[in-house]
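Raw contents of input-v6.txt, compact mmCIF, C-alpha atoms:
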# COMPACT_ATOMS: atom_id res chain seq x y z
CA MET A 215 0.00 0.00 0.00
CA THR A 216 1.37 3.42 -0.99
CA GLU A 217 1.83 5.70 2.00
CA THR A 218 0.68 9.30 1.98
CA LYS A 219 3.60 11.71 1.94
CA PRO A 220 3.83 14.83 4.12
CA LEU A 221 2.38 18.08 2.85
CA PRO A 222 5.03 20.00 0.83
CA SER A 223 6.91 22.45 3.05
CA TYR A 224 6.24 25.44 0.77
CA LEU A 225 2.49 24.96 1.26
CA ILE A 226 2.92 24.80 5.03
CA GLN A 227 4.96 28.01 4.98
CA ARG A 228 2.39 29.79 2.82
CA TYR A 229 -0.42 28.68 5.12
CA HIS A 230 1.32 30.07 8.19
CA GLY A 231 1.95 33.32 6.30
CA TRP A 232 -1.75 33.58 5.36
CA LYS A 233 -2.89 32.77 8.90
CA ALA A 234 -0.61 35.42 10.38
CA THR A 235 -1.61 38.15 7.92
CA THR A 236 -4.77 37.83 5.83
CA TYR A 237 -6.70 35.76 8.35
CA SER A 238 -5.44 37.61 11.41
CA GLU A 239 -6.38 40.99 9.93
CA ASN A 240 -9.88 39.76 8.93
CA ALA A 241 -10.66 37.19 11.61
CA SER A 242 -14.06 38.66 12.46
CA TRP A 243 -15.14 38.49 8.81
CA PHE A 244 -14.10 34.84 8.52
CA ARG A 245 -15.98 34.00 11.71
CA ARG A 246 -19.05 35.78 10.38
CA LEU A 247 -18.87 33.75 7.15
CA ALA A 248 -18.60 30.56 9.19
CA ASP A 249 -21.50 31.43 11.50
CA ASP A 250 -23.89 33.00 8.98
CA GLY A 251 -23.17 30.70 6.02
CA GLN A 252 -22.52 31.64 2.43
CA ARG A 253 -24.70 33.92 0.35
CA PRO A 254 -22.93 34.21 -3.01
CA ARG A 255 -24.67 36.27 -5.66
CA ALA A 256 -23.06 34.37 -8.52
CA MET A 257 -21.88 30.91 -9.48
CA VAL A 258 -18.80 30.75 -11.70
CA ILE A 259 -18.09 27.65 -13.77
CA SER A 260 -14.49 27.80 -14.91
CA CYS A 261 -11.69 25.54 -16.09
CA CYS A 262 -9.41 23.64 -13.73
CA ASP A 263 -6.47 25.37 -15.44
CA SER A 264 -4.23 26.86 -12.74
CA ARG A 265 -3.71 30.00 -14.83
CA VAL A 266 -7.39 30.94 -14.54
CA HIS A 267 -7.69 32.84 -11.25
CA VAL A 268 -11.37 33.68 -11.00
CA THR A 269 -11.30 35.67 -7.77
CA SER A 270 -8.34 37.76 -8.92
CA ILE A 271 -9.96 38.67 -12.25
CA PHE A 272 -13.00 40.12 -10.48
CA GLY A 273 -11.33 41.25 -7.26
CA ALA A 274 -13.63 38.98 -5.27
CA GLU A 275 -13.37 38.16 -1.59
CA GLN A 276 -14.38 35.03 0.32
CA GLY A 277 -18.09 34.38 0.17
CA GLU A 278 -18.78 36.27 -3.08
CA PHE A 279 -18.59 33.46 -5.64
CA PHE A 280 -19.73 29.85 -5.61
CA ILE A 281 -17.03 28.40 -7.87
CA HIS A 282 -17.08 25.09 -9.71
CA ARG A 283 -14.09 24.08 -11.81
CA ASN A 284 -13.77 21.24 -14.30
CA ILE A 285 -11.95 20.40 -17.53
CA ALA A 286 -12.72 23.09 -20.15
CA ASN A 287 -15.51 24.72 -18.08
CA LEU A 288 -18.13 22.42 -19.58
CA VAL A 289 -21.67 21.80 -18.39
CA PRO A 290 -23.23 18.51 -19.54
CA PRO A 291 -26.87 18.34 -20.56
CA TYR A 292 -29.47 17.50 -17.92
CA LEU A 293 -29.36 13.73 -17.39
CA PRO A 294 -31.12 12.44 -14.23
CA ASP A 295 -29.93 8.84 -14.59
CA GLY A 296 -28.96 8.19 -10.97
CA ASP A 297 -25.23 8.24 -11.75
CA HIS A 298 -22.49 10.52 -10.40
CA HIS A 299 -22.66 14.06 -11.80
CA GLY A 300 -20.37 16.54 -10.05
CA THR A 301 -21.03 19.54 -12.27
CA SER A 302 -24.77 18.98 -12.35
CA ALA A 303 -24.82 18.62 -8.57
CA ALA A 304 -22.96 21.93 -8.19
CA VAL A 305 -25.44 23.68 -10.49
CA GLU A 306 -28.40 22.21 -8.62
CA TYR A 307 -27.04 23.32 -5.25
CA ALA A 308 -26.22 26.82 -6.50
CA VAL A 309 -29.67 27.38 -7.99
CA THR A 310 -32.00 25.55 -5.61
CA SER A 311 -30.22 26.01 -2.28
CA LEU A 312 -28.02 29.09 -2.57
CA LYS A 313 -30.42 30.90 -4.90
CA VAL A 314 -27.64 32.56 -6.90
CA SER A 315 -28.89 35.26 -9.25
CA ASN A 316 -26.17 34.78 -11.89
CA ILE A 317 -24.32 31.85 -13.41
CA ILE A 318 -21.14 32.73 -15.29
CA VAL A 319 -19.39 30.27 -17.60
CA LEU A 320 -15.79 31.43 -17.97
CA GLY A 321 -13.70 30.06 -20.83
CA HIS A 322 -10.08 30.93 -21.53
CA SER A 323 -7.28 30.98 -24.09
CA ASN A 324 -4.82 28.10 -24.55
CA CYS A 325 -7.21 25.62 -22.92
CA GLY A 326 -5.66 22.17 -22.74
CA GLY A 327 -9.02 20.43 -22.54
CA VAL A 328 -10.27 22.15 -25.68
CA LYS A 329 -6.97 21.32 -27.41
CA GLY A 330 -7.56 17.68 -26.45
CA CYS A 331 -11.02 17.74 -28.02
CA LEU A 332 -9.56 19.35 -31.14
CA ASP A 333 -6.87 16.68 -31.41
CA MET A 334 -9.41 13.93 -30.79
CA CYS A 335 -11.77 15.22 -33.46
CA GLU A 336 -8.90 15.44 -35.96
CA GLY A 337 -7.73 11.90 -35.21
CA ASN A 338 -4.56 12.95 -33.40
CA ALA A 339 -5.38 11.69 -29.91
CA PRO A 340 -6.28 7.98 -30.03
CA GLN A 341 -5.72 7.70 -26.27
CA LEU A 342 -8.66 10.04 -25.70
CA GLU A 343 -10.89 7.84 -27.85
CA GLU A 344 -10.48 4.96 -25.40
CA LYS A 345 -13.55 4.27 -23.27
CA THR A 346 -11.27 4.30 -20.23
CA SER A 347 -10.30 7.95 -20.80
CA PHE A 348 -12.24 10.17 -18.41
CA VAL A 349 -10.96 13.26 -20.22
CA GLY A 350 -11.98 11.93 -23.62
CA ARG A 351 -15.50 11.05 -22.56
CA TRP A 352 -15.89 14.43 -20.85
CA MET A 353 -14.75 16.20 -24.01
CA ASP A 354 -17.45 14.36 -25.97
CA ILE A 355 -19.69 17.17 -24.69
CA LEU A 356 -17.76 19.57 -26.92
CA LYS A 357 -17.60 17.42 -30.07
CA PRO A 358 -20.69 19.02 -31.68
CA GLY A 359 -18.94 22.36 -31.25
CA TYR A 360 -16.00 21.15 -33.32
CA GLU A 361 -18.28 20.33 -36.23
CA LYS A 362 -19.74 23.83 -36.05
CA VAL A 363 -16.50 25.84 -35.85
CA SER A 364 -14.65 23.70 -38.39
CA LYS A 365 -17.19 24.65 -41.05
CA GLY A 366 -16.73 28.36 -40.48
CA ASN A 367 -12.97 28.42 -39.96
CA ALA A 368 -11.55 26.33 -42.78
CA GLY A 369 -7.77 26.49 -42.71
CA GLY A 370 -7.65 28.74 -39.64
CA ASP A 371 -6.77 28.18 -35.99
CA LEU A 372 -9.79 26.41 -34.57
CA ALA A 373 -8.74 26.46 -30.92
CA PRO A 374 -9.87 30.03 -30.04
CA ALA A 375 -13.20 29.49 -31.77
CA LEU A 376 -13.71 26.14 -30.03
CA GLU A 377 -12.85 27.67 -26.64
CA ARG A 378 -15.65 30.18 -27.10
CA GLU A 379 -17.97 27.49 -28.43
CA ALA A 380 -17.39 25.52 -25.22
CA VAL A 381 -18.88 28.46 -23.33
CA LEU A 382 -21.91 28.59 -25.62
CA ILE A 383 -22.53 24.84 -25.40
CA SER A 384 -22.40 25.06 -21.61
CA LEU A 385 -24.90 27.93 -21.59
CA GLU A 386 -27.30 25.95 -23.75
CA ASN A 387 -26.89 22.84 -21.61
CA LEU A 388 -27.60 24.87 -18.48
CA LYS A 389 -31.00 25.76 -19.94
CA SER A 390 -31.84 22.06 -20.16
CA PHE A 391 -31.96 21.84 -16.34
CA PRO A 392 -35.60 22.33 -15.24
CA PHE A 393 -34.69 24.29 -12.11
CA VAL A 394 -32.43 26.61 -14.14
CA LYS A 395 -35.14 27.18 -16.72
CA SER A 396 -37.71 27.81 -13.99
CA ALA A 397 -35.50 30.36 -12.23
CA MET A 398 -34.79 32.12 -15.54
CA ASP A 399 -38.49 32.25 -16.42
CA ALA A 400 -39.17 33.81 -13.01
CA ASP A 401 -36.48 36.42 -13.71
CA GLU A 402 -34.54 35.18 -10.70
CA LEU A 403 -31.50 33.91 -12.63
CA SER A 404 -29.34 35.17 -15.50
CA LEU A 405 -26.73 33.26 -17.50
CA HIS A 406 -23.52 34.85 -18.77
CA GLY A 407 -20.74 33.63 -21.05
CA LEU A 408 -17.21 35.02 -20.72
CA TRP A 409 -13.85 34.24 -22.29
CA THR A 410 -10.52 35.51 -20.97
CA ASP A 411 -7.17 35.87 -22.73
CA ILE A 412 -4.58 34.67 -20.21
CA GLY A 413 -1.60 36.38 -21.82
CA GLU A 414 -3.23 39.74 -22.55
CA GLY A 415 -5.56 39.93 -19.57
CA GLY A 416 -8.51 40.55 -21.87
CA LEU A 417 -12.10 39.63 -21.09
CA GLU A 418 -14.92 39.09 -23.56
CA HIS A 419 -18.65 38.85 -22.86
CA TYR A 420 -21.06 36.93 -25.08
CA VAL A 421 -23.83 39.13 -26.43
CA PRO A 422 -26.60 37.38 -28.43
CA GLY A 423 -26.55 38.55 -32.01
CA GLN A 424 -23.08 40.04 -31.67
CA GLY A 425 -20.93 37.20 -30.43
CA PHE A 426 -18.08 37.72 -27.96
CA VAL A 427 -17.27 41.39 -27.44
CA PRO A 428 -14.62 43.03 -25.18
CA VAL A 429 -15.78 43.99 -21.71
As structure tokens - that is how I would like this structure written.
Amino acid sequence: MTETKPLPSYLIQRYHGWKATTYSENASWFRRLADDGQRPRAMVISCCDSRVHVTSIFGAEQGEFFIHRNIANLVPPYLPDGDHHGTSAAVEYAVTSLKVSNIIVLGHSNCGGVKGCLDMCEGNAPQLEEKTSFVGRWMDILKPGYEKVSKGNAGGDLAPALEREAVLISLENLKSFPFVKSAMDADELSLHGLWTDIGEGGLEHYVPGQGFVPV
């Protein structure tokens, strides 16, 4: 049996630094969050990519965002089949229990998950085609997007277009959840699609009829 190794020392040092500064200076706020519970106004669905720092982009503090991260910021369609669905569970909790008023799907440049889908669709990633590949089967959600962008970007770089399409597919899939649709119909919930350029620090917002436009 493989033994668990000690926590890396740099993480321990950073924790002690945080506890002595950020926490110490805001201890009453942290205790209030613990006692009163969370009341986030927005849920953010973003990529697992370590370069995407959601709270930094929006200058958010603890308690402001309910954040769910997965490969390529994808939301699967509503499928109540009794199986395990982490993303769907997060959406359900955010909408039905936390009553968030906004759900933001945040895509980004140079997304490895989207690149994997692109390679898979072009026959360059046989390992992702295997049924045993969790990444490959997750990226199946985005395959219809490849067919769409490949028709309109012949000969061009498909990755940026597919990254934005991942956001749009997730927004459409969100609408397939009955509790999301109900909250939207009651004007209690709004959906938003964003895409950020990691290198340039840019942010684009999806506007129906216009596409992605700079914020």
Considering all atoms listed in the file, tabulate each residue of segment 274-372 of chain A that lies at most 9 Å from segment 407-417 of chain A along with its nearest interatomic pair and the corresponding distance in Å to one decimal; arrange the rows by chain and ascending residue number and present them as CSV.
residue,atom,partner,partner_atom,distance
A:Ile317,CA,A:Gly407,CA,8.6
A:Ile318,CA,A:Gly407,CA,5.8
A:Val319,CA,A:Gly407,CA,5.0
A:Leu320,CA,A:Leu408,CA,4.7
A:Gly321,CA,A:Trp409,CA,4.4
A:His322,CA,A:Thr410,CA,4.6
A:Ser323,CA,A:Asp411,CA,5.1
A:Asn324,CA,A:Ile412,CA,7.9
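With all atoms listed in the file as the atoms that count, the minimum distance from Lys362 of chain A to the choices A:Val266, A:Val349, A:Ile383, A:Leu403 is reached by A:Ile383.
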>> Let me make sure I understand: among A:Leu332, A:Gln227, A:Asn387, A:Leu382, which one has the smallest atom-to-atom distance to Ser364 of chain A if we use all atoms listed in the file?
In response: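 Answer, going by the shortest atom-to-atom distance: A:Leu332.
When the distance limit is 9 Å and all atoms listed in the file are what count, the residues near Ser384 of chain A, minus those fewer than 2 positions from it on the same chain, are Asn287, Leu288, Val289, Pro290, Pro291, Val319, Ile355, Leu356, Glu379, Ala380, Val381, Leu382, Glu386, Asn387, Leu388, Lys389 and Gly407 of chain A.
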> Which residues come within 12 Å of Leu342 of chain A, counting all atoms listed in the file, excluding same-chain residues fewer than 5 positions away, as a list in words?
Replying inline: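 Here the answer would be Gly327, Lys329, Gly330, Cys331, Leu332, Asp333, Met334, Cys335, Glu336, Gly337, Ser347, Phe348, Val349, Gly350, Arg351, Trp352, Met353 and Asp354 of chain A.
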>> What's around Val427 of chain A at 9 Å? Count only C-alpha atoms, leave out sequence neighbours fewer than 3 positions away in its own chain, and write the answer as number ranges by chain.
In response: A: 417-421, 424
How big is the axis-aligned box around all listed atoms of segment 253-262 of chain A once 5 Å goes on each side, and where's its centre, in Å to one decimal, as JSON?
{"center_x": -17.1, "center_y": 30.0, "center_z": -7.9, "size_x": 25.3, "size_y": 22.6, "size_z": 26.4}
> What does the distance from atom CA of Glu402 of chain A to atom CA of Val309 of chain A come to in Å, to one decimal?
Replying inline: 9.6 Å
>> Using all atoms listed in the file, which protein or nucleic acid residues come within 10 Å of Arg255 of chain A? Drop anything in the same chain fewer than 3 positions from it, and give the result as a PyMOL selection string.
In response: chain A and resi 252+277-280+308+312-317
>> One decimal, in Å: what's the spacing between atom CA of Asp263 of chain A and atom CA of Pro340 of chain A?
In response: 22.7 Å
Quick one: everything within 12 Å of Glu275 of chain A, counting only C-alpha atoms, minus sequence neighbours fewer than 6 positions away in the same chain. Send it as a PDB file with C-alpha atoms, keeping the file's coordinate frame.
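Final output, part.pdb:
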ATOM      1  CA  THR A 236      -4.770  37.830   5.830  1.00  0.00           C
ATOM      2  CA  ASN A 240      -9.880  39.760   8.930  1.00  0.00           C
ATOM      3  CA  TRP A 243     -15.140  38.490   8.810  1.00  0.00           C
ATOM      4  CA  PHE A 244     -14.100  34.840   8.520  1.00  0.00           C
ATOM      5  CA  LEU A 247     -18.870  33.750   7.150  1.00  0.00           C
ATOM      6  CA  GLN A 252     -22.520  31.640   2.430  1.00  0.00           C
ATOM      7  CA  PRO A 254     -22.930  34.210  -3.010  1.00  0.00           C
ATOM      8  CA  VAL A 268     -11.370  33.680 -11.000  1.00  0.00           C
ATOM      9  CA  THR A 269     -11.300  35.670  -7.770  1.00  0.00           C
TER      10      THR A 269
END
>> Which residue is closest to Ile281 of chain A? Choose from A:Pro294, A:Ala256, A:Asp249, A:Gly326 and count only C-alpha atoms.
In response: A:Ala256
> A:Ser404, A:Ser238, A:Ser311, A:Ser302: which is nearest Arg253 of chain A, counting all atoms listed in the file?
Replying inline: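 With all atoms listed in the file as the atom set, the closest residue is A:Ser311.
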> How many Å lie between atom CA of Gly273 of chain A and atom CA of His230 of chain A, rounded to one decimal?
Replying inline: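 Computing the Euclidean distance for atom CA of Gly273 of chain A and atom CA of His230 of chain A yields 22.9 Å.
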